[in-house]
Amino acid sequence: MRIIDANLNRAREGLRTAEEYARLVLEDASAAQALKSVRKKVQACAEAFGPGLLASRDVESDPGTRPQADDVKRGSERDVAAAGLKRAQEALRVIEEFSQLHNANAAGAAARARYAAYQAEQQLFVAAPRRAALDAPVMVVFSDMYARDDWRDVLASLLEAGARLFQLREKNLPTRNFVAHVVAFKAVTRKYYATVIVNDRVDVAAATGAQGVHLGQDDLDIIHARKILGPAALIGVSTHNAEEAADAEQLGADYVGLGAMFHTDTKKVQSVGGPSLVPTLRVEIPVFCIGGIGRDNVAELVGHGARHIAVSSALLNASDPGAEYLALCKALGERA
């Protein structure tokens, strides 16, 4: 009972450390909720033992008691959270093993909590940073760039300017070539910790380890895309009105693209909704306005409440893509 009590305390403490990191450092509600859910499972395990558990505690005679702060070195808040979560997982395994001797219900509860902690760890250290990438003011859409000899130069200019969120759109490229292009693109962006999202092709995103996929209304649905790519993947959806955006959020989209805002030659569009479409949306996830956006019309979007934009030709065809990216960020009122 003393072993179980000590490890329940260790599990709660470690989980709370990670939860506070998710809530107050990352400000990521999904990761914080996942960790809170694990703590509830740990509490269920504790309740299976009843009041005898607390009565077994004997701090005075515990040879492992350290009244002074542990002599450990942590390099960052992330390191603190990671260590706390690992302590919790280890403690839950100890609880599970020893509970099997006396209380099968408690052992089962500890096992469920441990596996939930593994999932929460993925939310905290993979999914949450990817969601944070969606704070970027500008998503750069590389459309039909595979055949351009200068795509690496364009990319280098954008990366140097601070661009970190990219979508790769190659509608007419054979699958094998598209995979090769994504791999080459990610090889350049990797050292910048940039986020790469593949347009339409869930299979290409999965094969290349891209951070996510952007789906059209007629593409694979969000639920099945999530099954293929996993819970940490970013999934965006093209939307054209408030109803489609609300449906996408309800099905688990991480962001939506909204458009077209203006006439565009980059792709065929169903209709041009215009900037007045922006304030009609009632979603909590990021909204990236798209379609014909350039430096001359960003202010109009901002006036209607836009905070994020997705831009293709205005950046890819600029004489200085990096400078144009910074100008768009400034027009949005955001830092790069």
# chains A, B, ... in the order shown; residues from 1 in each chain; ligands from 1

$ select_by_dssp --residues "range 88-329 of chain A" --states "helix (DSSP H, G or I)" --output "PyMOL selection string"
chain A and resi 88-99+104-133+151-161+175-192+202-208+222-229+242-250+275-280+298-303+313-316+321-329

$ write_last_selection --atoms "C-alpha atoms" --output "CSV table (one decimal), in the first residue's frame"
chain,number,residue,atom,x,y,z
A,88,ALA,CA,3.9,9.8,-14.2
A,89,GLN,CA,4.1,7.0,-16.7
A,90,GLU,CA,6.7,5.1,-14.7
A,91,ALA,CA,4.6,5.5,-11.5
A,92,LEU,CA,1.5,4.2,-13.2
A,93,ARG,CA,3.4,1.1,-14.3
A,94,VAL,CA,4.5,0.5,-10.7
A,95,ILE,CA,0.9,0.9,-9.5
A,96,GLU,CA,-0.4,-1.5,-12.1
A,97,GLU,CA,2.2,-4.2,-11.2
A,98,PHE,CA,1.7,-4.1,-7.5
A,99,SER,CA,-2.1,-3.7,-7.7
A,104,ALA,CA,-7.6,-6.1,-10.1
A,105,ASN,CA,-9.9,-3.1,-10.6
A,106,ALA,CA,-7.1,-0.7,-9.5
A,107,ALA,CA,-4.6,-2.5,-11.8
A,108,GLY,CA,-7.0,-2.1,-14.7
A,109,ALA,CA,-7.5,1.6,-13.9
A,110,ALA,CA,-3.8,2.2,-13.7
A,111,ALA,CA,-3.3,0.5,-17.1
A,112,ARG,CA,-5.9,2.7,-18.7
A,113,ALA,CA,-4.4,5.8,-17.1
A,114,ARG,CA,-0.9,4.8,-18.4
A,115,TYR,CA,-2.0,4.3,-22.0
A,116,ALA,CA,-4.0,7.6,-21.8
A,117,ALA,CA,-0.7,9.2,-20.6
A,118,TYR,CA,1.1,7.9,-23.7
A,119,GLN,CA,-1.6,9.5,-25.9
A,120,ALA,CA,-1.4,12.8,-23.9
A,121,GLU,CA,2.3,12.8,-24.4
A,122,GLN,CA,1.8,12.8,-28.2
A,123,GLN,CA,-0.7,15.6,-27.9
A,124,LEU,CA,1.6,17.6,-25.8
A,125,PHE,CA,4.9,17.3,-27.7
A,126,VAL,CA,3.7,16.6,-31.3
A,127,ALA,CA,0.2,17.8,-31.9
A,128,ALA,CA,0.4,20.9,-29.8
A,129,PRO,CA,3.5,22.4,-31.5
A,130,ARG,CA,1.9,21.6,-34.8
A,131,ARG,CA,-1.2,23.4,-33.8
A,132,ALA,CA,1.0,26.3,-32.7
A,133,ALA,CA,2.3,26.6,-36.2
A,151,TRP,CA,11.6,26.8,-56.4
A,152,ARG,CA,14.5,26.3,-54.0
A,153,ASP,CA,15.5,29.9,-54.4
A,154,VAL,CA,12.0,31.1,-53.7
A,155,LEU,CA,11.8,28.8,-50.7
A,156,ALA,CA,15.1,30.0,-49.4
A,157,SER,CA,14.0,33.6,-49.6
A,158,LEU,CA,10.8,32.9,-47.7
A,159,LEU,CA,12.5,30.9,-45.0
A,160,GLU,CA,15.1,33.6,-44.4
A,161,ALA,CA,12.2,36.1,-44.1
A,175,THR,CA,2.2,10.5,-57.3
A,176,ARG,CA,5.8,9.3,-57.5
A,177,ASN,CA,7.0,12.7,-58.5
A,178,PHE,CA,4.8,14.5,-55.9
A,179,VAL,CA,6.3,12.3,-53.2
A,180,ALA,CA,9.8,13.1,-54.4
A,181,HIS,CA,9.0,16.8,-54.4
A,182,VAL,CA,7.6,16.8,-50.9
A,183,VAL,CA,10.7,14.9,-49.7
A,184,ALA,CA,13.0,17.4,-51.3
A,185,PHE,CA,11.0,20.3,-50.0
A,186,LYS,CA,11.1,18.9,-46.4
A,187,ALA,CA,14.8,18.4,-46.6
A,188,VAL,CA,15.2,22.1,-47.1
A,189,THR,CA,12.7,23.2,-44.5
A,190,ARG,CA,13.7,20.7,-41.8
A,191,LYS,CA,16.4,22.8,-40.2
A,192,TYR,CA,14.0,25.7,-39.9
A,202,VAL,CA,-3.5,12.0,-47.8
A,203,ASP,CA,-1.4,9.1,-49.2
A,204,VAL,CA,1.4,11.5,-50.1
A,205,ALA,CA,1.3,13.2,-46.7
A,206,ALA,CA,1.5,9.8,-45.0
A,207,ALA,CA,4.3,8.5,-47.2
A,208,THR,CA,6.5,11.6,-46.7
A,222,ILE,CA,-11.7,14.4,-42.2
A,223,ILE,CA,-12.5,11.3,-40.1
A,224,HIS,CA,-10.8,8.8,-42.5
A,225,ALA,CA,-7.9,11.2,-43.1
A,226,ARG,CA,-7.4,11.3,-39.3
A,227,LYS,CA,-7.4,7.5,-39.2
A,228,ILE,CA,-4.6,7.3,-41.8
A,229,LEU,CA,-2.5,10.2,-40.5
A,242,ALA,CA,-20.1,29.6,-42.6
A,243,GLU,CA,-21.9,26.3,-42.7
A,244,GLU,CA,-19.0,24.4,-44.3
A,245,ALA,CA,-16.6,25.9,-41.8
A,246,ALA,CA,-18.7,24.9,-38.8
A,247,ASP,CA,-19.1,21.4,-40.2
A,248,ALA,CA,-15.3,21.1,-40.6
A,249,GLU,CA,-14.6,22.2,-37.1
A,250,GLN,CA,-17.2,19.8,-35.7
A,275,PRO,CA,-14.1,39.8,-47.6
A,276,SER,CA,-17.6,40.2,-46.2
A,277,LEU,CA,-17.7,36.4,-45.8
A,278,VAL,CA,-15.1,36.5,-43.0
A,279,PRO,CA,-17.3,37.9,-40.1
A,280,THR,CA,-20.0,35.4,-40.9
A,298,VAL,CA,-4.9,42.7,-47.4
A,299,ALA,CA,-6.1,45.8,-45.6
A,300,GLU,CA,-9.7,45.1,-46.8
A,301,LEU,CA,-9.5,41.6,-45.3
A,302,VAL,CA,-8.2,42.9,-42.0
A,303,GLY,CA,-11.0,45.4,-41.9
A,313,SER,CA,1.1,33.7,-56.7
A,314,ALA,CA,1.7,37.1,-54.9
A,315,LEU,CA,4.7,35.4,-53.2
A,316,LEU,CA,5.9,32.9,-55.7
A,321,PRO,CA,9.5,36.6,-52.1
A,322,GLY,CA,11.0,37.2,-48.7
A,323,ALA,CA,10.4,40.9,-48.8
A,324,GLU,CA,6.9,40.4,-50.1
A,325,TYR,CA,6.2,37.9,-47.2
A,326,LEU,CA,7.3,40.5,-44.6
A,327,ALA,CA,5.1,43.1,-46.3
A,328,LEU,CA,2.1,40.9,-46.1
A,329,CYS,CA,2.8,40.2,-42.4

$ residues_around --residues "range 51-59 of chain A" --least-positions-apart "5" --cutoff "8 Å" --atoms "only C-alpha atoms" --output "list of chain:residue names"
A:Met1, A:Arg2, A:Ile4, A:Asp5, A:Ala6, A:Ala46, A:Thr65

$ write_last_selection --atoms "C-alpha atoms" --output "short mmCIF file (atom, residue, chain, number, x, y, z; two decimals), in the first residue's frame"
data_model
loop_
_atom_site.label_atom_id
_atom_site.label_comp_id
_atom_site.auth_asym_id
_atom_site.auth_seq_id
_atom_site.Cartn_x
_atom_site.Cartn_y
_atom_site.Cartn_z
CA MET A 1 0.00 0.00 0.00
CA ARG A 2 2.88 2.38 0.71
CA ILE A 4 1.00 2.36 -4.39
CA ASP A 5 0.38 5.52 -2.36
CA ALA A 6 3.84 6.92 -3.15
CA ALA A 46 -6.86 5.70 -6.03
CA THR A 65 12.32 11.17 1.43
#

$ closest_residue --among "A:Ala210, A:Leu215, A:Ala83, A:Leu15" --to "Tyr193 in chain A" --atoms "only C-alpha atoms"
A:Ala210

$ closest_residue --among "A:Val198, A:Leu26, A:Leu332, A:Ala32" --to "Gly236 in chain A" --atoms "only C-alpha atoms"
A:Val198
